[in-house]
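A.B. asks: Provided herewith: work19.pdb, PDB, C-alpha atoms.
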```pdb
ATOM      1  CA  MET A 219       0.000   0.000   0.000  1.00  0.00           C
ATOM      2  CA  ASP A 220       1.145   3.552  -0.754  1.00  0.00           C
ATOM      3  CA  GLU A 221       2.450   4.864   2.575  1.00  0.00           C
ATOM      4  CA  THR A 222       1.641   8.440   1.580  1.00  0.00           C
ATOM      5  CA  LYS A 223      -1.995   7.661   0.811  1.00  0.00           C
ATOM      6  CA  PRO A 224      -3.374   8.552   4.308  1.00  0.00           C
ATOM      7  CA  LEU A 225      -1.558  11.904   4.147  1.00  0.00           C
ATOM      8  CA  LYS A 226      -2.908  12.591   0.646  1.00  0.00           C
ATOM      9  CA  VAL A 227      -6.437  11.760   1.793  1.00  0.00           C
ATOM     10  CA  ARG A 228      -6.204  14.082   4.790  1.00  0.00           C
ATOM     11  CA  LEU A 229      -4.796  16.968   2.759  1.00  0.00           C
ATOM     12  CA  THR A 230      -7.488  16.531   0.104  1.00  0.00           C
ATOM     13  CA  PHE A 231     -10.136  16.327   2.808  1.00  0.00           C
ATOM     14  CA  CYS A 232      -8.921  19.618   4.306  1.00  0.00           C
ATOM     15  CA  VAL A 233      -9.336  21.346   0.939  1.00  0.00           C
ATOM     16  CA  LEU A 234     -12.781  19.784   0.571  1.00  0.00           C
ATOM     17  CA  LEU A 235     -13.734  21.137   3.996  1.00  0.00           C
ATOM     18  CA  VAL A 236     -12.869  24.621   2.724  1.00  0.00           C
ATOM     19  CA  GLY A 237     -15.166  23.984  -0.242  1.00  0.00           C
ATOM     20  CA  ILE A 238     -17.935  22.807   2.081  1.00  0.00           C
ATOM     21  CA  SER A 239     -17.526  25.944   4.212  1.00  0.00           C
ATOM     22  CA  LEU A 240     -17.870  28.117   1.107  1.00  0.00           C
ATOM     23  CA  LEU A 241     -20.905  26.083   0.066  1.00  0.00           C
ATOM     24  CA  PHE A 242     -22.631  26.644   3.409  1.00  0.00           C
ATOM     25  CA  ALA A 243     -21.723  30.342   3.328  1.00  0.00           C
ATOM     26  CA  ALA A 244     -23.292  30.699  -0.123  1.00  0.00           C
ATOM     27  CA  VAL A 245     -26.461  28.784   0.740  1.00  0.00           C
ATOM     28  CA  VAL A 246     -27.302  30.546   4.009  1.00  0.00           C
ATOM     29  CA  THR A 247     -26.428  34.126   3.029  1.00  0.00           C
ATOM     30  CA  ASP A 248     -28.385  36.560   0.876  1.00  0.00           C
ATOM     31  CA  HIS A 249     -25.743  38.420  -1.139  1.00  0.00           C
ATOM     32  CA  TRP A 250     -25.957  36.503  -4.406  1.00  0.00           C
ATOM     33  CA  ALA A 251     -27.044  39.511  -6.451  1.00  0.00           C
ATOM     34  CA  VAL A 252     -27.538  43.231  -5.908  1.00  0.00           C
ATOM     35  CA  LEU A 253     -30.332  45.026  -7.780  1.00  0.00           C
ATOM     36  CA  SER A 254     -30.627  48.735  -8.441  1.00  0.00           C
ATOM     37  CA  PRO A 255     -33.279  50.913 -10.124  1.00  0.00           C
ATOM     38  CA  ARG A 256     -32.393  53.800 -12.377  1.00  0.00           C
ATOM     39  CA  VAL A 257     -31.951  57.012 -10.412  1.00  0.00           C
ATOM     40  CA  LYS A 258     -32.993  60.390 -11.873  1.00  0.00           C
ATOM     41  CA  ASP A 259     -33.121  62.643  -8.818  1.00  0.00           C
ATOM     42  CA  PHE A 260     -29.773  62.472  -7.047  1.00  0.00           C
ATOM     43  CA  ASN A 261     -31.022  64.360  -3.989  1.00  0.00           C
ATOM     44  CA  ALA A 262     -33.814  61.847  -3.346  1.00  0.00           C
ATOM     45  CA  THR A 263     -33.879  58.357  -1.861  1.00  0.00           C
ATOM     46  CA  CYS A 264     -33.688  55.155  -3.856  1.00  0.00           C
ATOM     47  CA  GLU A 265     -34.282  51.524  -2.980  1.00  0.00           C
ATOM     48  CA  ALA A 266     -31.607  48.926  -3.731  1.00  0.00           C
ATOM     49  CA  ALA A 267     -31.947  45.222  -3.008  1.00  0.00           C
ATOM     50  CA  HIS A 268     -29.819  42.158  -2.483  1.00  0.00           C
ATOM     51  CA  PHE A 269     -31.059  38.592  -2.289  1.00  0.00           C
ATOM     52  CA  GLY A 270     -30.051  34.964  -1.992  1.00  0.00           C
ATOM     53  CA  LEU A 271     -31.797  31.618  -2.139  1.00  0.00           C
ATOM     54  CA  TRP A 272     -34.126  32.252   0.781  1.00  0.00           C
ATOM     55  CA  ARG A 273     -34.406  35.944   1.524  1.00  0.00           C
ATOM     56  CA  LEU A 274     -34.705  39.336  -0.151  1.00  0.00           C
ATOM     57  CA  CYS A 275     -33.441  42.473   1.572  1.00  0.00           C
ATOM     58  CA  THR A 276     -34.129  46.039   0.492  1.00  0.00           C
ATOM     59  CA  LYS A 277     -32.384  49.189   1.648  1.00  0.00           C
ATOM     60  CA  ARG A 278     -33.623  52.740   1.194  1.00  0.00           C
ATOM     61  CA  ILE A 279     -30.577  54.882   0.471  1.00  0.00           C
ATOM     62  CA  HIS A 280     -30.314  58.648   0.370  1.00  0.00           C
ATOM     63  CA  VAL A 281     -28.384  59.588  -2.751  1.00  0.00           C
ATOM     64  CA  GLN A 282     -26.368  62.787  -2.298  1.00  0.00           C
ATOM     65  CA  LYS A 283     -24.112  62.762  -5.336  1.00  0.00           C
ATOM     66  CA  GLN A 284     -23.223  60.435  -8.155  1.00  0.00           C
ATOM     67  CA  ASP A 285     -20.801  60.223 -11.062  1.00  0.00           C
ATOM     68  CA  ALA A 286     -22.112  61.142 -14.454  1.00  0.00           C
ATOM     69  CA  LYS A 287     -21.587  57.637 -15.793  1.00  0.00           C
ATOM     70  CA  GLU A 288     -23.514  56.039 -12.947  1.00  0.00           C
ATOM     71  CA  THR A 289     -27.312  55.954 -13.057  1.00  0.00           C
ATOM     72  CA  GLY A 290     -28.058  53.205 -10.537  1.00  0.00           C
ATOM     73  CA  CYS A 291     -28.818  53.240  -6.830  1.00  0.00           C
ATOM     74  CA  GLY A 292     -26.072  52.345  -4.454  1.00  0.00           C
ATOM     75  CA  PRO A 293     -23.649  51.063  -3.535  1.00  0.00           C
ATOM     76  CA  ILE A 294     -25.583  48.766  -1.225  1.00  0.00           C
ATOM     77  CA  SER A 295     -23.028  49.371   1.545  1.00  0.00           C
ATOM     78  CA  LEU A 296     -24.306  52.946   2.069  1.00  0.00           C
ATOM     79  CA  PRO A 297     -26.334  53.494   5.261  1.00  0.00           C
ATOM     80  CA  GLY A 298     -30.112  53.303   5.043  1.00  0.00           C
ATOM     81  CA  ALA A 299     -33.289  51.680   6.318  1.00  0.00           C
ATOM     82  CA  HIS A 300     -32.969  47.913   5.964  1.00  0.00           C
ATOM     83  CA  ASN A 301     -35.860  45.482   5.511  1.00  0.00           C
ATOM     84  CA  CYS A 302     -35.685  41.725   4.818  1.00  0.00           C
ATOM     85  CA  SER A 303     -38.354  39.159   4.000  1.00  0.00           C
ATOM     86  CA  TYR A 304     -38.151  35.433   3.303  1.00  0.00           C
ATOM     87  CA  PHE A 305     -39.381  33.985   0.052  1.00  0.00           C
ATOM     88  CA  LYS A 306     -42.536  31.872   0.349  1.00  0.00           C
ATOM     89  CA  HIS A 307     -41.128  29.084  -1.797  1.00  0.00           C
ATOM     90  CA  PHE A 308     -43.575  26.397  -0.854  1.00  0.00           C
ATOM     91  CA  THR A 309     -46.754  28.411  -0.302  1.00  0.00           C
ATOM     92  CA  PRO A 310     -48.974  28.203  -3.417  1.00  0.00           C
ATOM     93  CA  GLY A 311     -50.175  31.506  -4.820  1.00  0.00           C
ATOM     94  CA  GLN A 312     -47.852  33.718  -2.771  1.00  0.00           C
ATOM     95  CA  SER A 313     -44.760  35.533  -3.976  1.00  0.00           C
ATOM     96  CA  SER A 314     -42.677  38.497  -2.953  1.00  0.00           C
ATOM     97  CA  GLU A 315     -44.009  41.718  -4.458  1.00  0.00           C
ATOM     98  CA  ILE A 316     -40.604  42.936  -5.445  1.00  0.00           C
ATOM     99  CA  PHE A 317     -40.131  39.917  -7.679  1.00  0.00           C
ATOM    100  CA  GLU A 318     -43.118  40.876  -9.831  1.00  0.00           C
ATOM    101  CA  VAL A 319     -45.215  38.009  -8.440  1.00  0.00           C
ATOM    102  CA  THR A 320     -44.936  35.634 -11.403  1.00  0.00           C
ATOM    103  CA  THR A 321     -41.500  35.680 -12.994  1.00  0.00           C
ATOM    104  CA  GLN A 322     -39.096  34.666 -10.235  1.00  0.00           C
ATOM    105  CA  LYS A 323     -40.751  32.149  -7.946  1.00  0.00           C
ATOM    106  CA  GLU A 324     -40.073  29.145 -10.193  1.00  0.00           C
ATOM    107  CA  TYR A 325     -36.418  30.094 -10.542  1.00  0.00           C
ATOM    108  CA  SER A 326     -35.890  30.657  -6.822  1.00  0.00           C
ATOM    109  CA  ILE A 327     -37.578  27.362  -5.920  1.00  0.00           C
ATOM    110  CA  SER A 328     -35.382  25.484  -8.392  1.00  0.00           C
ATOM    111  CA  ALA A 329     -32.155  27.149  -7.249  1.00  0.00           C
ATOM    112  CA  ALA A 330     -32.951  26.551  -3.569  1.00  0.00           C
ATOM    113  CA  ALA A 331     -33.914  22.898  -4.117  1.00  0.00           C
ATOM    114  CA  ILE A 332     -30.762  22.154  -6.102  1.00  0.00           C
ATOM    115  CA  ALA A 333     -28.652  23.870  -3.438  1.00  0.00           C
ATOM    116  CA  ILE A 334     -30.231  21.631  -0.783  1.00  0.00           C
ATOM    117  CA  PHE A 335     -29.194  18.580  -2.825  1.00  0.00           C
ATOM    118  CA  SER A 336     -25.670  19.996  -2.997  1.00  0.00           C
ATOM    119  CA  VAL A 337     -25.496  20.381   0.781  1.00  0.00           C
ATOM    120  CA  GLY A 338     -26.890  16.858   1.234  1.00  0.00           C
ATOM    121  CA  PHE A 339     -24.296  15.327  -1.084  1.00  0.00           C
ATOM    122  CA  ALA A 340     -21.500  17.207   0.707  1.00  0.00           C
ATOM    123  CA  MET A 341     -22.662  15.976   4.117  1.00  0.00           C
ATOM    124  CA  ILE A 342     -22.914  12.357   2.962  1.00  0.00           C
ATOM    125  CA  GLY A 343     -19.460  12.587   1.395  1.00  0.00           C
ATOM    126  CA  THR A 344     -18.019  13.950   4.644  1.00  0.00           C
ATOM    127  CA  ILE A 345     -19.574  11.109   6.653  1.00  0.00           C
ATOM    128  CA  CYS A 346     -18.063   8.567   4.241  1.00  0.00           C
ATOM    129  CA  VAL A 347     -14.600  10.116   4.560  1.00  0.00           C
ATOM    130  CA  LEU A 348     -14.779  10.165   8.356  1.00  0.00           C
ATOM    131  CA  PHE A 349     -15.755   6.493   8.440  1.00  0.00           C
ATOM    132  CA  SER A 350     -12.973   5.670   5.965  1.00  0.00           C
ATOM    133  CA  PHE A 351     -10.392   6.757   8.542  1.00  0.00           C
ATOM    134  CA  GLN A 352     -11.215   3.596  10.451  1.00  0.00           C
ATOM    135  CA  LYS A 353      -9.136   0.511   9.632  1.00  0.00           C
ATOM    136  CA  LYS A 354      -9.993  -1.402   6.437  1.00  0.00           C
ATOM    137  CA  ARG A 355     -12.652   1.049   5.288  1.00  0.00           C
ATOM    138  CA  ASP A 356     -10.767   2.734   2.478  1.00  0.00           C
ATOM    139  CA  TYR A 357     -13.480   1.581   0.081  1.00  0.00           C
ATOM    140  CA  LEU A 358     -15.677   4.437   1.391  1.00  0.00           C
ATOM    141  CA  LEU A 359     -13.390   6.980  -0.260  1.00  0.00           C
ATOM    142  CA  LYS A 360     -14.733   6.136  -3.720  1.00  0.00           C
ATOM    143  CA  PRO A 361     -18.410   6.932  -2.975  1.00  0.00           C
ATOM    144  CA  ALA A 362     -17.294   9.950  -0.932  1.00  0.00           C
ATOM    145  CA  SER A 363     -15.460  11.359  -3.947  1.00  0.00           C
ATOM    146  CA  MET A 364     -18.546  10.917  -6.119  1.00  0.00           C
ATOM    147  CA  PHE A 365     -20.759  12.642  -3.550  1.00  0.00           C
ATOM    148  CA  TYR A 366     -18.387  15.625  -3.453  1.00  0.00           C
ATOM    149  CA  THR A 367     -18.350  15.798  -7.242  1.00  0.00           C
ATOM    150  CA  PHE A 368     -22.156  15.692  -7.340  1.00  0.00           C
ATOM    151  CA  ALA A 369     -22.274  18.453  -4.703  1.00  0.00           C
ATOM    152  CA  GLY A 370     -20.062  20.639  -6.886  1.00  0.00           C
ATOM    153  CA  LEU A 371     -22.215  20.011  -9.955  1.00  0.00           C
ATOM    154  CA  CYS A 372     -25.416  20.801  -8.060  1.00  0.00           C
ATOM    155  CA  ILE A 373     -24.159  24.121  -6.709  1.00  0.00           C
ATOM    156  CA  ILE A 374     -22.958  25.295 -10.136  1.00  0.00           C
ATOM    157  CA  ILE A 375     -26.369  24.379 -11.581  1.00  0.00           C
ATOM    158  CA  SER A 376     -27.961  26.430  -8.801  1.00  0.00           C
ATOM    159  CA  VAL A 377     -25.634  29.304  -9.717  1.00  0.00           C
ATOM    160  CA  GLU A 378     -26.701  29.134 -13.349  1.00  0.00           C
ATOM    161  CA  VAL A 379     -30.397  29.031 -12.406  1.00  0.00           C
ATOM    162  CA  MET A 380     -29.901  32.119 -10.250  1.00  0.00           C
ATOM    163  CA  ARG A 381     -28.006  33.865 -13.029  1.00  0.00           C
ATOM    164  CA  GLN A 382     -30.818  33.172 -15.479  1.00  0.00           C
ATOM    165  CA  SER A 383     -33.303  34.415 -12.876  1.00  0.00           C
ATOM    166  CA  VAL A 384     -31.542  37.757 -12.543  1.00  0.00           C
ATOM    167  CA  LYS A 385     -31.086  38.113 -16.298  1.00  0.00           C
ATOM    168  CA  ARG A 386     -34.744  37.401 -16.985  1.00  0.00           C
ATOM    169  CA  MET A 387     -35.850  39.906 -14.368  1.00  0.00           C
ATOM    170  CA  ILE A 388     -33.588  42.671 -15.676  1.00  0.00           C
ATOM    171  CA  ASP A 389     -34.722  42.018 -19.269  1.00  0.00           C
ATOM    172  CA  SER A 390     -38.392  42.250 -18.309  1.00  0.00           C
ATOM    173  CA  LYS A 391     -40.168  45.388 -19.529  1.00  0.00           C
ATOM    174  CA  ASP A 392     -42.257  45.610 -16.349  1.00  0.00           C
ATOM    175  CA  THR A 393     -39.414  45.505 -13.829  1.00  0.00           C
ATOM    176  CA  VAL A 394     -38.183  48.509 -11.865  1.00  0.00           C
ATOM    177  CA  TRP A 395     -34.664  47.075 -11.665  1.00  0.00           C
ATOM    178  CA  MET A 396     -32.303  48.401 -14.293  1.00  0.00           C
ATOM    179  CA  GLU A 397     -28.859  47.347 -13.062  1.00  0.00           C
ATOM    180  CA  TYR A 398     -27.464  44.344 -11.244  1.00  0.00           C
ATOM    181  CA  SER A 399     -24.213  42.892  -9.988  1.00  0.00           C
ATOM    182  CA  TYR A 400     -23.220  39.602  -8.395  1.00  0.00           C
ATOM    183  CA  SER A 401     -21.940  39.745  -4.843  1.00  0.00           C
ATOM    184  CA  TRP A 402     -19.790  37.699  -2.489  1.00  0.00           C
ATOM    185  CA  SER A 403     -22.293  34.881  -1.845  1.00  0.00           C
ATOM    186  CA  PHE A 404     -22.297  34.222  -5.590  1.00  0.00           C
ATOM    187  CA  ALA A 405     -18.487  34.130  -5.536  1.00  0.00           C
ATOM    188  CA  CYS A 406     -18.566  31.671  -2.617  1.00  0.00           C
ATOM    189  CA  ALA A 407     -20.849  29.349  -4.595  1.00  0.00           C
ATOM    190  CA  CYS A 408     -18.567  29.437  -7.644  1.00  0.00           C
ATOM    191  CA  SER A 409     -15.479  28.810  -5.493  1.00  0.00           C
ATOM    192  CA  ALA A 410     -17.242  25.917  -3.749  1.00  0.00           C
ATOM    193  CA  PHE A 411     -17.939  24.341  -7.146  1.00  0.00           C
ATOM    194  CA  VAL A 412     -14.269  24.532  -8.148  1.00  0.00           C
ATOM    195  CA  LEU A 413     -12.991  22.985  -4.911  1.00  0.00           C
ATOM    196  CA  LEU A 414     -15.653  20.288  -4.545  1.00  0.00           C
ATOM    197  CA  PHE A 415     -15.577  19.196  -8.170  1.00  0.00           C
ATOM    198  CA  ILE A 416     -11.814  19.183  -8.711  1.00  0.00           C
ATOM    199  CA  PHE A 417     -10.793  17.748  -5.361  1.00  0.00           C
ATOM    200  CA  GLY A 418     -13.644  15.251  -5.476  1.00  0.00           C
ATOM    201  CA  ILE A 419     -11.976  13.851  -8.596  1.00  0.00           C
ATOM    202  CA  VAL A 420      -8.580  14.044  -6.878  1.00  0.00           C
ATOM    203  CA  LEU A 421      -9.965  12.010  -3.967  1.00  0.00           C
ATOM    204  CA  LEU A 422     -11.262   9.410  -6.425  1.00  0.00           C
ATOM    205  CA  LEU A 423      -7.827   9.108  -8.060  1.00  0.00           C
ATOM    206  CA  ILE A 424      -6.218   8.676  -4.644  1.00  0.00           C
ATOM    207  CA  ALA A 425      -8.749   5.994  -3.704  1.00  0.00           C
ATOM    208  CA  LEU A 426      -8.168   3.925  -6.848  1.00  0.00           C
ATOM    209  CA  PRO A 427      -5.865   0.893  -6.458  1.00  0.00           C
ATOM    210  CA  ARG A 428      -2.240   1.245  -7.486  1.00  0.00           C
ATOM    211  CA  PHE A 429      -1.560   0.519 -11.126  1.00  0.00           C
ATOM    212  CA  PRO A 430       1.348  -1.727 -12.172  1.00  0.00           C
ATOM    213  CA  GLN A 431       4.569   0.269 -12.281  1.00  0.00           C
ATOM    214  CA  ASN A 432       6.328  -1.930 -14.868  1.00  0.00           C
ATOM    215  CA  PRO A 433       5.073  -3.287 -18.199  1.00  0.00           C
ATOM    216  CA  TRP A 434       5.642  -6.878 -17.058  1.00  0.00           C
ATOM    217  CA  GLU A 435       3.844  -6.400 -13.741  1.00  0.00           C
ATOM    218  CA  THR A 436       0.162  -7.356 -13.759  1.00  0.00           C
ATOM    219  CA  CYS A 437      -2.540  -6.125 -11.445  1.00  0.00           C
ATOM    220  CA  MET A 438      -2.473  -9.492  -9.700  1.00  0.00           C
ATOM    221  CA  ASP A 439       1.240  -9.099  -9.011  1.00  0.00           C
ATOM    222  CA  ALA A 440       0.872  -5.591  -7.608  1.00  0.00           C
ATOM    223  CA  GLU A 441       1.125  -5.183  -3.871  1.00  0.00           C
ATOM    224  CA  PRO A 442      -2.362  -5.589  -2.357  1.00  0.00           C
ATOM    225  CA  GLU A 443      -3.759  -2.870  -0.150  1.00  0.00           C
ATOM    226  CA  HIS A 444      -4.270  -3.734   3.493  1.00  0.00           C
TER     227      HIS A 444
END
```
What does the file become when written as structure tokens?

C.D. replies:
Amino acid sequence: MDETKPLKVRLTFCVLLVGISLLFAAVVTDHWAVLSPRVKDFNATCEAAHFGLWRLCTKRIHVQKQDAKETGCGPISLPGAHNCSYFKHFTPGQSSEIFEVTTQKEYSISAAAIAIFSVGFAMIGTICVLFSFQKKRDYLLKPASMFYTFAGLCIIISVEVMRQSVKRMIDSKDTVWMEYSYSWSFACACSAFVLLFIFGIVLLLIALPRFPQNPWETCMDAEPEH
């Protein structure tokens, strides 16, 4: 057996834990996208919004001055009255008013459901890795690697659903939102995909049995793993 294999597994697992932390940060926070209406009166107040998978927050900002090239409200970090409300994903016939009632509920339900699958896959993969640390349970590393890979794929699908949601809303003729930007929760989700997907494959390669090192050495002749 490769004597460095336990060390490789632990190092890979540490990187995967970073990916899981980013995944949880993305799922539970509400800074995926920032929305801004077009501002005409710079001495008035405007309402910007940021949202995630579960919650929408609006902030009423007093605009004092703005560059000539900028027509949106914000930045969202400016002080102002803050108000948050949770999406009613699973309540038929109810939607958040700011999402124009009909256009966004299907997207937000899909993105949230896929993100839940991603978290579930990551948790199952972590349980498999922890059990694999016990003697003669290295076989659990293979399903663990697949669960991590699936978790990465699910979160990037959720990212794409959210991106399409924002794009569709901005392109709508009836919307008040004219500008948008992706925020740090969105970046966490993308980073989680990279780490979970790539290092899930790395974990699978580590878990595979050693290949023959010489042309005349067969798999049967290779040193068995204990």

A.B. asks: Distance CA of Ala251 in chain A-CA of Ala333 in chain A, one decimal place?

C.D. replies: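 Spanning CA of Ala251 in chain A to CA of Ala333 in chain A is a straight-line distance of 16.0 Å.
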
A.B. asks: List the spatial neighbours of range 339-348 of chain A as an NGL selection string - criterion: any atom at most 9 Å away, all atoms listed in the file, same-chain residues fewer than 3 positions off excluded.

C.D. replies: :A and (227 or 231 or 234-235 or 238 or 241 or 334-336 or 351-352 or 356 or 358-370 or 372 or 414)

A.B. asks: Measuring atom to atom with all atoms listed in the file, identify which of A:Ile327, A:Ala267, A:Lys226, A:Asp248 is nearest to Leu423 in chain A.

C.D. replies: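 Going through A:Ile327, A:Ala267, A:Lys226, A:Asp248 one by one, the smallest distance to Leu423 in chain A is for A:Lys226.
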
A.B. asks: Could you please determine the separation between CA of Ala330 in chain A and CA of Val245 in chain A in Å, to one decimal place?

C.D. replies: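 About the pair CA of Ala330 in chain A and CA of Val245 in chain A: they are 8.1 Å apart.
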
A.B. asks: Tell me, in Å to one decimal, how far CA of Cys232 in chain A is from CA of Ala410 in chain A.

C.D. replies: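 Value for the CA of Cys232 in chain A-CA of Ala410 in chain A distance: 13.2 Å.
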
A.B. asks: Apply the PyMOL selection byres ((chain A and resi 403) around 6) to the file shown and report the selected residues as a list in words.

C.D. replies: Ala244, His249, Trp250, Ser401, Trp402, Phe404, Ala405 and Cys406 of chain A

A.B. asks: Evaluate the PyMOL selection byres ((chain A and resi 265) around 8) against this structure - the residues, as a count of residues only, please.

C.D. replies: 11

A.B. asks: Using all atoms listed in the file, which of A:Cys302, A:Leu225, A:Val379, A:Ile419 sits nearest Ile332 in chain A?

C.D. replies: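 Between A:Cys302, A:Leu225, A:Val379, A:Ile419, the residue approaching Ile332 in chain A most closely is A:Val379.
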
A.B. asks: Taking into account all atoms listed in the file, which residue in the set A:Tyr325, A:Phe411, A:Phe269, A:Phe349 is nearest to Ser399 in chain A?

C.D. replies: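 The answer is A:Phe269, which sits nearest to Ser399 in chain A.
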
A.B. asks: What would the list of residues within 7 Å of (-31.8, 43.1, -11.8) (file frame) look like as a PyMOL selection string, if only C-alpha atoms are what count?

C.D. replies: chain A and resi 253-254+384-385+387-388+395-398

A.B. asks: If the PyMOL selection byres ((chain A and resi 223) around 12) were run on this exact file, what residues would it hold? Put them as an MDAnalysis selection string.

C.D. replies: chainID A and resid 219:222 224:230 351 356 359 420:428 443:444
